[in-house]
Structures are given as C-alpha cells and as structure tokens.
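Shown below: start21.txt, with compact mmCIF, C-alpha atoms.
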# COMPACT_ATOMS: atom_id res chain seq x y z
CA MET O 1 0.00 0.00 0.00
CA ALA O 2 1.34 3.42 -0.94
CA LEU O 3 0.26 6.49 0.95
CA LEU O 4 -0.39 9.74 -0.89
CA LYS O 5 0.78 13.02 0.63
CA GLY O 6 -1.99 14.92 2.40
CA SER O 7 -1.68 18.02 0.19
CA ALA O 8 -2.79 16.00 -2.86
CA TRP O 9 -5.94 15.05 -0.98
CA THR O 10 -6.75 18.52 0.30
CA ILE O 11 -6.05 20.17 -3.06
CA ASN O 12 -8.45 17.85 -4.85
CA PHE O 13 -11.11 17.92 -2.12
CA GLN O 14 -11.10 21.71 -2.50
CA PHE O 15 -11.25 21.41 -6.30
CA ILE O 16 -14.28 19.10 -6.13
CA LYS O 17 -16.07 21.45 -3.68
CA GLU O 18 -15.29 24.54 -5.78
CA ARG O 19 -16.48 22.93 -8.99
CA PHE O 20 -19.51 20.98 -7.76
CA GLY O 21 -20.59 22.59 -4.47
CA ALA O 22 -20.06 22.20 -0.75
CA ASP O 23 -22.02 18.93 -0.53
CA ALA O 24 -20.15 17.26 -3.41
CA LEU O 25 -17.73 15.38 -1.16
CA GLU O 26 -20.57 13.85 0.86
CA LYS O 27 -22.28 12.63 -2.32
CA ILE O 28 -19.08 10.88 -3.35
CA PHE O 29 -18.39 9.50 0.15
CA GLU O 30 -21.92 8.00 0.28
CA LYS O 31 -21.09 5.80 -2.73
CA MET O 32 -17.81 4.55 -1.26
CA SER O 33 -17.26 1.45 0.86
CA PRO O 34 -17.36 1.90 4.65
CA GLU O 35 -13.59 1.27 4.76
CA ASP O 36 -12.87 3.97 2.18
CA GLN O 37 -15.24 6.39 3.91
CA ALA O 38 -13.46 5.81 7.22
CA ALA O 39 -10.07 6.50 5.59
CA LEU O 40 -11.31 9.73 4.03
CA ARG O 41 -13.15 11.06 7.06
CA LYS O 42 -9.99 11.10 9.17
CA PRO O 43 -8.29 14.48 9.43
CA ILE O 44 -5.81 14.90 6.59
CA VAL O 45 -2.88 17.23 7.14
CA ASP O 46 -1.10 18.65 4.09
CA VAL O 47 2.44 17.87 5.17
CA VAL O 48 1.94 14.29 6.33
CA TRP O 49 0.91 11.14 4.51
CA GLY O 50 -2.81 10.87 3.81
CA ALA O 51 -4.72 7.74 2.95
CA ASP O 52 -3.92 4.90 0.59
CA PHE O 53 -3.40 5.99 -3.03
CA SER O 54 -5.89 3.31 -4.13
CA VAL O 55 -8.59 4.99 -2.02
CA TYR O 56 -7.71 8.31 -3.68
CA MET O 57 -8.11 6.81 -7.15
CA ARG O 58 -11.45 5.21 -6.21
CA PHE O 59 -12.59 8.61 -4.91
CA ILE O 60 -11.61 10.39 -8.15
CA LEU O 61 -13.21 7.64 -10.29
CA LEU O 62 -16.47 8.00 -8.36
CA ALA O 63 -16.31 11.78 -8.75
CA ASP O 64 -15.94 11.27 -12.50
CA GLN O 65 -18.95 8.93 -12.54
CA ILE O 66 -21.14 11.22 -10.41
CA TYR O 67 -20.13 14.67 -11.69
CA GLY O 68 -18.39 13.95 -14.96
CA LYS O 69 -19.27 11.91 -18.01
CA ASN O 70 -17.57 8.73 -16.73
CA ASP O 71 -14.93 9.30 -19.41
CA LYS O 72 -11.96 9.94 -17.08
CA ALA O 73 -11.91 13.66 -18.02
CA LEU O 74 -12.42 14.65 -14.38
CA ILE O 75 -9.36 12.58 -13.44
CA ARG O 76 -7.32 14.60 -15.94
CA ASP O 77 -8.85 17.85 -14.62
CA THR O 78 -7.91 16.99 -11.03
CA ALA O 79 -4.35 16.16 -12.11
CA LYS O 80 -4.05 19.46 -13.98
CA ASN O 81 -5.47 21.32 -10.97
CA GLN O 82 -3.13 19.49 -8.62
CA PHE O 83 -0.12 20.35 -10.78
CA MET O 84 -1.08 24.04 -10.92
CA ARG O 85 -1.61 24.31 -7.16
CA ASP O 86 1.34 22.10 -6.22
CA THR O 87 3.83 23.95 -8.31
CA LYS O 88 2.95 27.62 -7.76
CA LEU O 89 6.09 27.96 -5.69
CA TYR O 90 8.20 26.34 -8.41
CA SER O 91 6.65 27.97 -11.50
CA TRP O 92 9.66 30.24 -12.08
CA PHE O 93 11.90 27.17 -11.80
CA PHE O 94 10.04 25.34 -14.57
CA LYS O 95 10.28 28.35 -16.87
CA VAL O 96 14.08 28.60 -16.72
CA LEU O 97 14.97 24.92 -17.06
CA ASN O 98 14.54 22.74 -20.12
CA PRO O 99 12.24 19.69 -20.05
CA ASN O 100 15.08 17.15 -19.77
CA ILE O 101 16.52 18.82 -16.67
CA VAL O 102 13.10 19.05 -15.04
CA CYS O 103 12.44 15.38 -15.87
CA LYS O 104 15.80 14.37 -14.40
CA ILE O 105 14.91 15.95 -11.06
CA SER O 106 11.30 14.69 -11.10
CA PRO O 107 12.09 11.45 -9.22
CA ALA O 108 12.88 13.59 -6.16
CA LEU O 109 9.49 15.31 -6.53
CA TRP O 110 7.78 11.91 -6.90
CA ALA O 111 9.31 10.79 -3.61
CA THR O 112 7.65 13.71 -1.80
CA TYR O 113 4.17 12.51 -2.81
CA PHE O 114 4.22 8.78 -2.16
CA LYS O 115 5.41 6.61 0.69
CA PRO O 116 6.79 4.09 -0.10
CA CYS O 117 7.52 5.60 -3.49
CA GLY O 118 9.06 2.69 -5.39
CA LYS O 119 11.90 3.44 -7.78
CA PHE O 120 11.05 6.27 -10.19
CA GLU O 121 13.64 7.04 -12.87
CA TYR O 122 14.01 9.23 -15.93
CA HIS O 123 15.94 8.06 -18.98
CA GLN O 124 16.72 10.64 -21.64
CA LEU O 125 16.43 8.93 -25.03
CA GLY O 126 17.01 11.96 -27.23
CA GLU O 127 17.04 15.73 -27.17
CA LYS O 128 13.24 15.83 -26.97
CA HIS O 129 12.43 12.28 -26.01
CA GLY O 130 12.54 10.44 -22.70
CA GLU O 131 10.87 7.82 -20.57
CA PHE O 132 9.85 7.60 -16.94
CA TYR O 133 10.10 4.14 -15.34
CA LEU O 134 8.42 3.16 -12.10
CA THR O 135 9.13 -0.14 -10.35
CA GLY O 136 8.55 -1.39 -6.84
CA PHE O 137 5.30 0.51 -6.34
CA ASP O 138 3.05 -2.18 -4.87
CA ASN O 139 -0.68 -2.28 -5.56
CA MET O 140 -0.79 0.46 -8.19
CA PRO O 141 -4.49 1.20 -8.71
CA LEU O 142 -6.12 0.99 -12.13
CA PHE O 143 -6.54 4.32 -13.90
CA HIS O 144 -3.61 5.88 -12.04
CA ASP O 145 -2.15 6.31 -15.51
CA VAL O 146 -4.84 8.83 -16.47
CA HIS O 147 -3.85 10.99 -13.48
CA HIS O 148 -0.08 10.58 -13.83
CA THR O 149 -0.03 11.00 -17.61
CA GLN O 150 -1.87 14.32 -17.33
CA TYR O 151 0.41 15.47 -14.50
CA MET O 152 3.50 14.62 -16.61
CA THR O 153 2.02 16.42 -19.62
CA GLU O 154 1.50 19.52 -17.45
CA LEU O 155 5.08 19.26 -16.21
CA LEU O 156 6.48 19.19 -19.76
CA THR O 157 4.22 21.99 -20.96
CA HIS O 158 5.11 24.28 -18.07
CA CYS O 159 8.83 23.93 -18.71
CA GLY O 160 8.54 24.98 -22.34
CA ALA O 161 7.85 21.75 -24.22
CA LYS O 162 5.63 22.28 -27.25
CA ASN O 163 3.15 19.64 -28.37
CA ALA O 164 4.06 17.38 -25.47
CA SER O 165 2.97 13.78 -25.86
CA VAL O 166 3.01 11.42 -22.88
CA VAL O 167 1.90 7.82 -23.39
CA HIS O 168 1.67 5.21 -20.64
CA THR O 169 3.08 2.17 -22.43
CA LYS O 170 3.40 -0.34 -19.58
CA CYS O 171 1.42 -0.68 -16.36
CA THR O 172 2.05 -2.61 -13.15
CA ALA O 173 -1.69 -2.46 -12.43
CA LYS O 174 -2.17 -4.54 -15.59
CA GLY O 175 0.60 -7.02 -14.77
CA ASP O 176 3.70 -5.42 -16.34
CA ALA O 177 6.96 -5.37 -14.38
CA SER O 178 7.04 -1.56 -14.51
CA CYS O 179 4.97 1.47 -15.33
CA THR O 180 6.55 3.25 -18.27
CA TRP O 181 5.68 6.62 -19.78
CA ASP O 182 7.11 7.51 -23.18
CA MET O 183 7.42 11.26 -23.74
CA HIS O 184 8.10 13.32 -26.87
CA TRP O 185 7.96 17.06 -27.39
CA GLU O 186 9.04 19.79 -29.76

Encoded form using structure tokens:
Amino acid sequence: MALLKGSAWTINFQFIKERFGADALEKIFEKMSPEDQAALRKPIVDVVWGADFSVYMRFILLADQIYGKNDKALIRDTAKNQFMRDTKLYSWFFKVLNPNIVCKISPALWATYFKPCGKFEYHQLGEKHGEFYLTGFDNMPLFHDVHHTQYMTELLTHCGAKNASVVHTKCTAKGDASCTWDMHWE
C-alpha cells in the first residue's frame, strides 16, 4: 500500500467542492465502501501522509462517474489542478529549465508525494524524447495512468515543451513489471 501526501488530498477535495458545491464530497463518500469512507473522514494534514493511493483513485473515479461523463476527463482535470496548485512555488523554476533537466529531477518530486515511493527514474532517449520508469510501487491502482499521464504532460508543458505527448506504455496495475511513460515534445 502506498500512501499519498496529504496536500494531494486537500487540493483535490477543495477542487471538487469549488467545482460541484459544498455537498459534493458527501455525495461521493456515500457511494464509497465503509472502509474507504473511514479512511477519508480522518483528518488529513497537508504535510503528512494521507490515505492509501488506491482509495484516492477510487474517490476520483467516483467523482468522475457522479459529476463527470464517466470518461476519465475529471481525473485529468484533477491532475491538472493538482499540478497548478502544487507547483505555484516552483513555477519560475520550470520556466528557466529545459524539459530534460526538469524530468531528471522529477524522481525527487515523486518521492515527496508517495510513501513508499518505489523506484522512479528518468531516462533521456534523445534531445526531446525520454521515458519515466516506475518499479517497486506495490498495488498500483487501475486508472492511475490517467492521473499521472496528465500530470506529466503539465510538467512538460510548463517547462517549455511544445506539443508534449506522454503515453503510458506499460502498467504494473495490468501485470507489467514496470509502469513506463514515453514522452516526446518539440
């Protein structure tokens, strides 16, 4: 089980409430299992580890079913929102560094969000081509790729990459030995 940092929870709880109203969280919680509800009703502090990442993904999937079109678009929207709110402090940093440098330091950022975080690596394959590899992240929930792919696309875009393309080519949640994201940009 991997725990997700509390700030990711609070950022997206706030996003859901802002977009769909103050009672939106309760409507989602009502559809969740008693175990997931119990995990989400505990106080979550931004700087400490929140609940299981699988619970988070089930929460976002339910939000997409209830308030979205059940097409995973709300998962992408929450990832984009999370990136924008997470990185306000670092926005100047992304603007002065090229995408490869930002990708090379991304494993350190990854480690601040998940515990245990597995092994997250960046391999530069060309001037405007690279891959992220994730191994050792037990119990990766299905559809995590929708969230992470959007987050990685935002990362590339905000550090100057044009026409960024991020494709999740392998997935531990589907039985592969690693999660792999192939990235190209102009």

task: Find the spatial neighbours of segment 26-43 of chain O, counting only C-alpha atoms, within a cut-off of 8 Å - ignore same-chain residues fewer than 2 positions away - and output them as a ChimeraX atom specification.
output: /O:23-24,45,51,55,59,62-63,66

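Proximity ranking of O:Ser178, O:Pro99, O:Gly130, O:Ser106 relative to Lys162 of chain O places O:Pro99 first, based on only C-alpha atoms.
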
Closest atom pairs, segment 43-87 of chain O residues within 10 Å of segment 113-120 of chain O, only C-alpha atoms, as a Markdown table:
| residue | atom | partner | partner_atom | distance |
| --- | --- | --- | --- | --- |
| O:Val47 | CA | O:Tyr113 | CA | 9.8 |
| O:Val48 | CA | O:Tyr113 | CA | 9.6 |
| O:Trp49 | CA | O:Lys115 | CA | 7.4 |
| O:Gly50 | CA | O:Phe114 | CA | 9.5 |
| O:Asp52 | CA | O:Phe114 | CA | 9.4 |
| O:Phe53 | CA | O:Phe114 | CA | 8.2 |

message: Counting only C-alpha atoms, which residue out of O:Lys95, O:His148, O:Arg58, O:Lys104 sits closest to Asp77 of chain O?
response: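 Nearest to Asp77 of chain O: O:His148.
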
Around all the atoms of segment 148-152 of chain O listed in the file, draw an axis-aligned box and extend it by 8 Å on each of the six sides; I want its centre and edge lengths in Å to one decimal, as lines of an AutoDock Vina configuration file.
center_x = 0.8
center_y = 13.0
center_z = -15.7
size_x = 21.4
size_y = 20.9
size_z = 19.8

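Shortest atom-to-atom contact with Glu18 of chain O among O:Asn81, O:Lys69, O:Ala111, O:Thr157: O:Asn81, counting only C-alpha atoms.
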
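Distances from O:Val146, O:Leu25, O:Val102, O:Ala2 to Arg76 of chain O were compared using all atoms listed in the file, and the smallest one belongs to O:Val146.
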
task: Using all atoms listed in the file, find the one residue out of O:Phe143, O:Tyr151, O:Phe94, O:Tyr122 that sits nearest to Asp64 of chain O.
output: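 Smallest distance to Asp64 of chain O is found for O:Phe143.
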
task: Provide the atom CA of Ala79 of chain O to atom CA of Asn163 of chain O distance in Å, to one decimal place.
output: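 Value for the atom CA of Ala79 of chain O-atom CA of Asn163 of chain O distance: 18.2 Å.
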
field: atom CA of Glu121 of chain O to atom CA of Pro107 of chain O, distance in Å rounded to a single decimal
entry: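 According to the coordinates, atom CA of Glu121 of chain O and atom CA of Pro107 of chain O are separated by 5.9 Å.
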
- prompt: Looking at only C-alpha atoms, which of O:Leu97, O:Ala73, O:Ile11, O:Met57 is the one that sits closest to Gly160 of chain O?
  reply: O:Leu97

field: Two-atom distance - atom CA of Glu154 of chain O, atom CA of Phe83 of chain O (Å)
entry: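 Here the two named atoms are 6.9 Å from each other.
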
query: Taking (11.4, 16.8, -18.7) in the file's coordinates as the center, which residues reach within 9 Å of it, counting only C-alpha atoms, put as a list in words?
result: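 Using only C-alpha atoms, the matching residues come out as Asn98, Pro99, Asn100, Ile101, Val102, Cys103, Lys104, Ile105, Ser106, Tyr122, Gln124, Lys128, His129, Gly130, Met152, Leu155, Leu156, Cys159, Ala161 and Met183 of chain O.
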
message: Set the distance at 10 Å and use all atoms listed in the file: which residues neighbour Phe15 of chain O once local chain neighbours fewer than 4 positions away are removed? I'd like the list as a count of residues only.
response: 10

Point (7.7, 0.6, -19.1) neighbourhood (8 Å, all atoms listed in the file) written as a list in words: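 The distance filter leaves exactly Phe132, Tyr133, Leu134, His168, Thr169, Lys170, Cys171, Asp176, Ala177, Ser178, Cys179, Thr180 and Trp181 of chain O.
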